[in-house]
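Undergrad: Below: one structure in structure tokens.
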Amino acid sequence: MPPKFDFAHTTQLESVELLSSRPSRIDFDAGDGLHLVVEAHAPGVFRLRCGQASALNEEKPSARVRAVAEMLLARQEAVGECTVTPQDDGKGWRIAQGEVSFDIQTDPVRIALYRGETQVLASDISEHEPAFGHDALDEADDAVWSAAFTLQADERLYGLGETSGDLNRREEAIVSDDPDHRALPLAWSPRGWGIYVNTMHRVHHDLGVAPTASAYTVSIEDTVLDVFLFVGDPSEILNQYTALTGRAGQPVLWAMGAWLQQAEGEMPTETAALVERMRELQLPLDAVKLAAPSAWGFQSDKAVFEWDAQRFPDAKQMLALFHKHHVHVAATGFPGVIQASPLFEELEDRGWLLTRDDGSAQVFDGNEATAGRPYGLLDLTYRDVYNLWIERHRQLIEDGLDAPVCDAQIAIPDDVSARNGDNGAILRSQYPLLARRALFEAVAGHKVPPEGVVPSTDLFPAAQRLPWQLGPQVTNDWVGLEQTLRTALSIGASGVPVQVHNIGSAKAPLDGMSAELYLRWLTVGVFSANFCFQGVPGLMPWAFGDEALEQSRTWLQWRYRLVPYVLGAIEDSARTGLPVQRSMALSFPHDPEAHNWDLQYLLGPALLVAPVMQPGNSVNVYLPKGDAWWDLNTGYRYEGGTTLAVEWGTDKYPVFGREGHMLCLGPVAQHAGEFNSARILDEVWMFGMPVHNPVVMRNKIRVMQMQGSSYIKGLEGLRILPSEGLEVKRRGAEVRISRAR
């Protein structure tokens, strides 16, 4: 899907004249009927828009425009304030918010962003593209904008969605609506800037690809250029980006436990027997995800759901069978209507399906969810259809389903339209968003705050609002392990808080899966947002011998002890936008050496994980500078800025606690139902003198510093493991930690 943009026929923005100035908005005349608007949208955030004046000053936008705007932005209004002053040379203006400023200059039009006196981003001007340009603005459907920004020679770029390769996206070309690219709309640099392109239309990101190797160029097929520019460290950028575009709802507690993917073609009774075996072997489990095809679909002649009668002759009995073992059930649905059914013709007549140019319903080739049968897609842009999709799933949830699963990222052809007139890139981008958002509304109901999970592999603008992201299908070898980790870190750098790692793949040959690899893979899952067992004989813990089974049991106990910490990190993402697994570039932007170790990551704020990604026990670990680190295996303390060469067998794992932080652990459990929901904490580990309040769920712990000691409330009844050189004294509800004398 190449961009339409032709730089040889580009009209460059040459000059702007100041029209008006308000506390949060500055308007400029850009000539030829164009206006350029700069908004101080939030501290460290500027919004830049350019287009016809009528498009930028529309007082009463249509319902369609409002709906798309709400999909993209959780906060529409600008909340920042700025001042505008002319440049000394008279050829531009400076728009300032505190220490952050936005310079706009003319002849030609270009911009620069500053943090204090340091320039972090500037427009790029070269023979290959203008700083800002447009093409065919007299034909709304074909309008294309471009914006180019200079890159430093060694500058790295992150974000923009999922990748199984280098987390640094430099020298890549990414198309927003191409399903193969798995794109998300935020790019950022450790240098201190971020760019979000605010559109559902196609965006082409050229990240320093020749011949423009020194520039990041975006081309946008939309009538208006609309970009948000962020200034700050990556954590600040993600914070502002997710405050702008929306943050995740709260997952339910049971979703934090281990998951099991049902084997393809397996009956529920066989899966229930597998669950029983896990219980007998004391392997904790909380959820089963039933295999495709869809567990339910519309009746052949009515828009009413019915379970697949061959696989689930009695659905309520099936759900009760799992619930008896304290296991929750997730199952696949799909917004498709089978072409061979009378209902297809009825909904086609009603206009409830996506249509072709001639008005007939588009028929898609069969997929895994439809068991290979051709289908039409419900038009979820139409409010009546959208509400139907919600209500039908709400009924399933009332019957005992715990989570609907839905993958609806489909390569919808350009000539297929929705009832609201959308087609092409905008429809490809918004369709999976609508499908998954409706399911989350069905699951969350009227809960405040919204709570629940909708597992899916789909990625789309504002995907971070809707947890639970499923990992990719990979090969059963060390390359596959690396791929699943890289995808998690890359979507985390793009604002998505959670990825559930599959422990191997039931769809790939099993020859490459050894006991060593399996245990390394499992430990990556344990020290992550979450993971899912694959319910085939060759990928269950007992397939690799008694020693591997015993070690698997130990690591699963660790997982359940980590649940309060990980869930706290997920809840923290609703406040900060930071993911559970945080790449080194995201966590340590001012330590360039750390960026070279892009398979290490922070789990939440307190734990540095250096996963073993190749055969053998020898591991090199880089401890980022600026902090000291405590080895969870040995209790040794190391200064940051050093590299360790260590030996760890499969019964150990390279994890280090960050000095000044605490790790709050829960009890050993077989499922989340065994937790005391009022207090799910059991033990506290300290890494040096506590300074930071810990990330923890449903337990208010506050750290206060006074006279060289830390005073902490909220640790009543918990076991406390201080690091060497500290002493702990309890005084009622308060704990005092001080240096040992």
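Simple scheme: letters A, B, ... for chains in structure tokens order, numbers from 1 for residues in each chain, numbers from 1 for ligands in the order shown.
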Can you tell me which residues surround Ile111 in chain A at a distance of at most 6 Å, considering only C-alpha atoms, apart from same-chain residues fewer than 3 positions away, and format the answer as a ChimeraX atom specification?
TA: /A:103-104,122-123
Undergrad: List the neighbours of range 365-374 of chain A out to 12 Å using only C-alpha atoms; skip same-chain residues closer than 4 positions along the sequence, and give me the result as a PyMOL selection string.
TA: chain A and resi 264-265+290-298+308+331-341+344+361+405-412
Undergrad: Okay, now the selection with N, CA and C atoms, as a tab-separated table (two decimals), in the first residue's frame?
TA:
chain	number	residue	atom	x	y	z
A	264	GLU	N	-6.78	-27.30	19.46
A	264	GLU	CA	-7.70	-27.28	18.33
A	264	GLU	C	-8.41	-28.63	18.19
A	265	GLY	N	-9.73	-28.59	18.01
A	265	GLY	CA	-10.52	-29.79	17.82
A	265	GLY	C	-10.85	-30.54	19.10
A	290	LEU	N	-11.08	-21.00	24.90
A	290	LEU	CA	-11.53	-22.05	23.99
A	290	LEU	C	-11.02	-21.79	22.58
A	291	ALA	N	-10.74	-22.86	21.87
A	291	ALA	CA	-10.14	-22.76	20.54
A	291	ALA	C	-11.16	-22.29	19.51
A	292	ALA	N	-10.63	-21.71	18.40
A	292	ALA	CA	-11.45	-21.38	17.24
A	292	ALA	C	-11.91	-22.69	16.58
A	293	PRO	N	-12.97	-22.67	15.77
A	293	PRO	CA	-13.72	-21.50	15.30
A	293	PRO	C	-14.62	-20.89	16.38
A	294	SER	N	-15.41	-19.89	15.97
A	294	SER	CA	-16.25	-19.18	16.92
A	294	SER	C	-17.11	-20.14	17.71
A	295	ALA	N	-17.18	-19.89	19.02
A	295	ALA	CA	-17.99	-20.75	19.89
A	295	ALA	C	-19.47	-20.50	19.69
A	296	TRP	N	-19.82	-19.36	19.13
A	296	TRP	CA	-21.22	-19.03	18.88
A	296	TRP	C	-21.31	-18.23	17.60
A	297	GLY	N	-22.51	-18.10	17.10
A	297	GLY	CA	-22.78	-17.28	15.92
A	297	GLY	C	-24.26	-17.02	15.86
A	298	PHE	N	-24.68	-16.26	14.86
A	298	PHE	CA	-26.10	-15.99	14.71
A	298	PHE	C	-26.84	-17.25	14.27
A	308	ASP	N	-22.27	-23.17	19.24
A	308	ASP	CA	-21.99	-24.26	18.30
A	308	ASP	C	-22.49	-25.57	18.91
A	331	ALA	N	-13.94	-17.26	25.19
A	331	ALA	CA	-14.26	-17.97	23.94
A	331	ALA	C	-14.41	-16.97	22.81
A	332	THR	N	-14.21	-17.48	21.59
A	332	THR	CA	-14.13	-16.64	20.40
A	332	THR	C	-15.50	-16.38	19.79
A	333	GLY	N	-15.76	-15.11	19.48
A	333	GLY	CA	-16.88	-14.71	18.64
A	333	GLY	C	-16.34	-13.93	17.45
A	334	PHE	N	-17.23	-13.60	16.52
A	334	PHE	CA	-16.77	-12.90	15.31
A	334	PHE	C	-17.95	-12.15	14.71
A	335	PRO	N	-17.77	-10.88	14.29
A	335	PRO	CA	-18.90	-10.09	13.78
A	335	PRO	C	-19.23	-10.41	12.32
A	336	GLY	N	-19.24	-11.69	12.00
A	336	GLY	CA	-19.54	-12.11	10.64
A	336	GLY	C	-20.87	-12.85	10.56
A	337	VAL	N	-21.49	-12.78	9.40
A	337	VAL	CA	-22.74	-13.50	9.12
A	337	VAL	C	-22.48	-14.42	7.94
A	338	ILE	N	-22.69	-15.71	8.16
A	338	ILE	CA	-22.36	-16.70	7.13
A	338	ILE	C	-23.20	-16.46	5.87
A	339	GLN	N	-22.51	-16.42	4.72
A	339	GLN	CA	-23.20	-16.09	3.47
A	339	GLN	C	-24.32	-17.08	3.14
A	340	ALA	N	-24.13	-18.34	3.48
A	340	ALA	CA	-25.10	-19.37	3.10
A	340	ALA	C	-26.36	-19.35	3.95
A	341	SER	N	-26.48	-18.45	4.91
A	341	SER	CA	-27.65	-18.43	5.80
A	341	SER	C	-28.69	-17.43	5.30
A	344	PHE	N	-28.18	-13.75	6.23
A	344	PHE	CA	-27.30	-12.91	5.41
A	344	PHE	C	-28.13	-12.07	4.45
A	361	ALA	N	-23.88	-6.69	-0.41
A	361	ALA	CA	-23.00	-6.95	0.73
A	361	ALA	C	-21.68	-7.55	0.24
A	405	VAL	N	-13.59	-13.30	23.13
A	405	VAL	CA	-12.36	-13.11	22.37
A	405	VAL	C	-12.75	-12.73	20.95
A	406	CYS	N	-12.09	-11.74	20.38
A	406	CYS	CA	-12.48	-11.33	19.03
A	406	CYS	C	-11.30	-10.74	18.28
A	407	ASP	N	-10.96	-11.31	17.14
A	407	ASP	CA	-9.97	-10.75	16.23
A	407	ASP	C	-10.70	-10.30	14.97
A	408	ALA	N	-10.71	-8.98	14.73
A	408	ALA	CA	-11.49	-8.44	13.61
A	408	ALA	C	-10.68	-7.48	12.76
A	409	GLN	N	-9.34	-7.64	12.75
A	409	GLN	CA	-8.48	-6.79	11.93
A	409	GLN	C	-8.39	-7.44	10.55
A	410	ILE	N	-9.20	-6.95	9.64
A	410	ILE	CA	-9.40	-7.59	8.34
A	410	ILE	C	-8.98	-6.64	7.24
A	411	ALA	N	-8.39	-7.17	6.19
A	411	ALA	CA	-7.98	-6.36	5.04
A	411	ALA	C	-9.21	-6.03	4.21
A	412	ILE	N	-9.99	-5.05	4.67
A	412	ILE	CA	-11.21	-4.66	3.98
A	412	ILE	C	-10.84	-3.92	2.70
Undergrad: Pull the strand (DSSP E or B) assignments for range 343-569 of chain A out of DSSP run on the backbone, and list those residues as a PDB file with N, CA and C atoms, in the first residue's frame.
TA:
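Printed below is out.pdb as written:
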ATOM      1  N   LEU A 353     -24.880  -4.811   6.723  1.00  0.00           N
ATOM      2  CA  LEU A 353     -23.577  -5.393   6.418  1.00  0.00           C
ATOM      3  C   LEU A 353     -22.747  -4.398   5.616  1.00  0.00           C
ATOM      4  N   THR A 355     -20.873  -2.978   2.547  1.00  0.00           N
ATOM      5  CA  THR A 355     -21.350  -3.148   1.171  1.00  0.00           C
ATOM      6  C   THR A 355     -20.296  -2.760   0.143  1.00  0.00           C
ATOM      7  N   ALA A 361     -23.883  -6.688  -0.412  1.00  0.00           N
ATOM      8  CA  ALA A 361     -23.003  -6.947   0.725  1.00  0.00           C
ATOM      9  C   ALA A 361     -21.682  -7.548   0.245  1.00  0.00           C
ATOM     10  N   PHE A 364     -16.623 -11.948   2.197  1.00  0.00           N
ATOM     11  CA  PHE A 364     -15.225 -12.197   2.503  1.00  0.00           C
ATOM     12  C   PHE A 364     -14.944 -13.695   2.477  1.00  0.00           C
ATOM     13  N   TYR A 375     -18.350 -15.110   4.450  1.00  0.00           N
ATOM     14  CA  TYR A 375     -19.207 -14.365   5.373  1.00  0.00           C
ATOM     15  C   TYR A 375     -19.313 -12.907   4.961  1.00  0.00           C
ATOM     16  N   GLY A 376     -20.304 -12.234   5.505  1.00  0.00           N
ATOM     17  CA  GLY A 376     -20.407 -10.783   5.432  1.00  0.00           C
ATOM     18  C   GLY A 376     -20.119 -10.202   6.798  1.00  0.00           C
ATOM     19  N   LEU A 377     -19.653  -8.939   6.837  1.00  0.00           N
ATOM     20  CA  LEU A 377     -19.306  -8.306   8.101  1.00  0.00           C
ATOM     21  C   LEU A 377     -20.405  -7.359   8.555  1.00  0.00           C
ATOM     22  N   LEU A 378     -20.787  -7.465   9.822  1.00  0.00           N
ATOM     23  CA  LEU A 378     -21.724  -6.511  10.392  1.00  0.00           C
ATOM     24  C   LEU A 378     -21.160  -5.097  10.259  1.00  0.00           C
ATOM     25  N   ALA A 403     -15.231 -13.957  29.358  1.00  0.00           N
ATOM     26  CA  ALA A 403     -14.554 -13.000  28.473  1.00  0.00           C
ATOM     27  C   ALA A 403     -14.750 -13.409  27.021  1.00  0.00           C
ATOM     28  N   PRO A 404     -15.262 -12.520  26.178  1.00  0.00           N
ATOM     29  CA  PRO A 404     -15.317 -12.800  24.741  1.00  0.00           C
ATOM     30  C   PRO A 404     -13.974 -12.492  24.093  1.00  0.00           C
ATOM     31  N   VAL A 405     -13.591 -13.299  23.128  1.00  0.00           N
ATOM     32  CA  VAL A 405     -12.359 -13.108  22.367  1.00  0.00           C
ATOM     33  C   VAL A 405     -12.752 -12.729  20.947  1.00  0.00           C
ATOM     34  N   SER A 417     -17.720  -0.215   1.661  1.00  0.00           N
ATOM     35  CA  SER A 417     -18.112   0.955   2.438  1.00  0.00           C
ATOM     36  C   SER A 417     -18.997   0.570   3.604  1.00  0.00           C
ATOM     37  N   ASN A 423     -14.748   4.224   4.143  1.00  0.00           N
ATOM     38  CA  ASN A 423     -14.198   3.091   3.398  1.00  0.00           C
ATOM     39  C   ASN A 423     -12.681   3.175   3.456  1.00  0.00           C
ATOM     40  N   GLU A 451     -14.246  -2.497  34.247  1.00  0.00           N
ATOM     41  CA  GLU A 451     -13.405  -3.619  34.652  1.00  0.00           C
ATOM     42  C   GLU A 451     -13.721  -4.820  33.778  1.00  0.00           C
ATOM     43  N   SER A 456      -7.531 -10.153  22.486  1.00  0.00           N
ATOM     44  CA  SER A 456      -7.507  -9.947  21.042  1.00  0.00           C
ATOM     45  C   SER A 456      -6.084  -9.693  20.588  1.00  0.00           C
ATOM     46  N   GLN A 469      -4.180  -7.683  25.398  1.00  0.00           N
ATOM     47  CA  GLN A 469      -3.544  -7.920  24.113  1.00  0.00           C
ATOM     48  C   GLN A 469      -2.895  -9.302  24.086  1.00  0.00           C
ATOM     49  N   LEU A 470      -3.245 -10.082  23.068  1.00  0.00           N
ATOM     50  CA  LEU A 470      -2.673 -11.418  22.913  1.00  0.00           C
ATOM     51  C   LEU A 470      -1.404 -11.357  22.076  1.00  0.00           C
ATOM     52  N   GLN A 499       0.778  -7.415  27.174  1.00  0.00           N
ATOM     53  CA  GLN A 499       0.739  -8.510  26.207  1.00  0.00           C
ATOM     54  C   GLN A 499       0.788  -9.825  26.952  1.00  0.00           C
ATOM     55  N   VAL A 500      -0.080 -10.750  26.562  1.00  0.00           N
ATOM     56  CA  VAL A 500      -0.102 -12.101  27.124  1.00  0.00           C
ATOM     57  C   VAL A 500       0.768 -12.989  26.235  1.00  0.00           C
ATOM     58  N   HIS A 501       1.833 -13.541  26.813  1.00  0.00           N
ATOM     59  CA  HIS A 501       2.765 -14.375  26.048  1.00  0.00           C
ATOM     60  C   HIS A 501       2.245 -15.811  25.952  1.00  0.00           C
ATOM     61  N   ASN A 502       2.236 -16.357  24.746  1.00  0.00           N
ATOM     62  CA  ASN A 502       1.989 -17.785  24.583  1.00  0.00           C
ATOM     63  C   ASN A 502       3.265 -18.553  24.931  1.00  0.00           C
ATOM     64  N   ILE A 503       3.132 -19.628  25.714  1.00  0.00           N
ATOM     65  CA  ILE A 503       4.292 -20.473  26.037  1.00  0.00           C
ATOM     66  C   ILE A 503       4.435 -21.493  24.919  1.00  0.00           C
ATOM     67  N   ASN A 530       1.530 -11.269  31.614  1.00  0.00           N
ATOM     68  CA  ASN A 530       0.892 -12.571  31.809  1.00  0.00           C
ATOM     69  C   ASN A 530       1.280 -13.523  30.682  1.00  0.00           C
ATOM     70  N   PHE A 531       0.786 -14.785  30.786  1.00  0.00           N
ATOM     71  CA  PHE A 531       1.148 -15.809  29.820  1.00  0.00           C
ATOM     72  C   PHE A 531       0.024 -16.827  29.713  1.00  0.00           C
ATOM     73  N   CYS A 532       0.136 -17.666  28.667  1.00  0.00           N
ATOM     74  CA  CYS A 532      -0.907 -18.656  28.389  1.00  0.00           C
ATOM     75  C   CYS A 532      -0.251 -19.970  27.959  1.00  0.00           C
ATOM     76  N   PHE A 533      -0.553 -21.053  28.686  1.00  0.00           N
ATOM     77  CA  PHE A 533      -0.117 -22.383  28.277  1.00  0.00           C
ATOM     78  C   PHE A 533      -0.840 -22.794  26.997  1.00  0.00           C
ATOM     79  N   GLN A 534      -0.173 -23.599  26.187  1.00  0.00           N
ATOM     80  CA  GLN A 534      -0.790 -24.174  24.992  1.00  0.00           C
ATOM     81  C   GLN A 534      -1.174 -25.616  25.301  1.00  0.00           C
TER      82      GLN A 534
END
Undergrad: So that I can check the surroundings of range 608-622 of chain A, please list as an MDAnalysis selection string every protein, DNA and RNA residue that reaches within 8 Å of it, counting only C-alpha atoms and ignoring chain neighbours fewer than 6 positions away.
TA: chainID A and resid 478 481:482 516:517 520 524 527 594 597 599:602 641:650 653:658
Undergrad: Residues at most 7 Å from range 221-227 of chain A, counting only C-alpha atoms, excluding those fewer than 3 positions away in the same chain, as a list in words?
TA: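 So the residues in contact are Arg47, Leu48, Arg49, Cys50, Gly51, Leu137, Ala140, Asp142, Ala143, Val144, Trp145, Ile195, Tyr196, Val197, Asn198, His201, Arg202 and Val203 of chain A.
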Undergrad: Mind dumping a table of every range 145-167 of chain A residue within 10 Å of range 488-495 of chain A, with the nearest atom pair and its distance in Å to one decimal, using only C-alpha atoms, sorted by chain and rising number, as a tab-separated table?
TA:
residue	atom	partner	partner_atom	distance
A:Tyr158	CA	A:Ala493	CA	6.6
A:Gly159	CA	A:Ser494	CA	4.4
A:Leu160	CA	A:Ser494	CA	5.9
A:Gly161	CA	A:Ile491	CA	5.2
A:Glu162	CA	A:Ile491	CA	5.2
A:Thr163	CA	A:Ser490	CA	6.1
A:Ser164	CA	A:Ser490	CA	8.1
A:Gly165	CA	A:Ser490	CA	9.2
A:Asp166	CA	A:Ser490	CA	8.9
A:Leu167	CA	A:Ser490	CA	6.0
Undergrad: Could you tell me how far CA of Asp27 in chain A sits from CA of Asn57 in chain A, in Å to one decimal place?
TA: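 Between CA of Asn57 in chain A and CA of Asp27 in chain A the gap is 10.5 Å.
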Undergrad: Please compute the CA of Gly452 in chain A-CA of Asp402 in chain A distance, one decimal, in Å.
TA: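 Here the two named atoms are 8.7 Å from each other.
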Undergrad: Please provide the set of residues having any atom within 6 Å of Arg702 in chain A, restricted to only C-alpha atoms, with same-chain residues fewer than 4 positions apart removed, written as a list in words.
TA: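 Once the nearby chain positions are removed, what remains is Asn693, Ile712 and Lys713 of chain A.
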Undergrad: Residues of range 526-700 of chain A classed as alpha helix (DSSP H) by DSSP on the backbone are to be reported as a ChimeraX atom specification.
TA: /A:526,546-576,584-587,592-595
Undergrad: Of the candidates A:Leu260, A:Leu556, A:Val566, A:Leu663, which one gets nearest to Val498 in chain A if we count only C-alpha atoms?
TA: A:Val566
Undergrad: Record the distance separating CA of Gly33 in chain A and CA of Ser54 in chain A, expressed in Å with one decimal.
TA: 9.1 Å
Undergrad: Restricting the calculation to only C-alpha atoms: of A:Gly246, A:Pro694, A:Gly80, A:Pro342, which residue gets closest to Pro461 in chain A?
TA: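 Of all the options, A:Gly246 lies closest to Pro461 in chain A.
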Undergrad: Within 10 Å of Arg553 in chain A, counting only C-alpha atoms, which residues qualify if same-chain residues fewer than 3 places away don't, as a list in words?
TA: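 Counting only the stated atoms, we get Leu281, Gln282, Leu283, Pro284, Pro541, Glu547, Ala548, Leu549, Glu550, Leu556, Gln557, Trp558 and Arg559 of chain A.
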Undergrad: Can you tell me which residues surround range 239-243 of chain A at a distance of at most 9 Å, considering only C-alpha atoms, apart from same-chain residues fewer than 6 positions away, and format the answer as a list in words?
TA: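 Here the qualifying residues turn out to be Ala42, Pro43, Gly44, Val45, Leu73, Ala74, Arg75, Leu186, Gly194, Tyr196, Phe228, Phe230, Ala462, Gln464, Arg465, Gly495, Ser573, Ala574, Arg575, Thr576, Gly577 and Leu578 of chain A.
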Undergrad: Go through A:Pro592, A:Pro564, A:Pro579, A:Gly635 and flag the residue nearest Leu665 in chain A, using only C-alpha atoms for the distances.
TA: A:Pro564
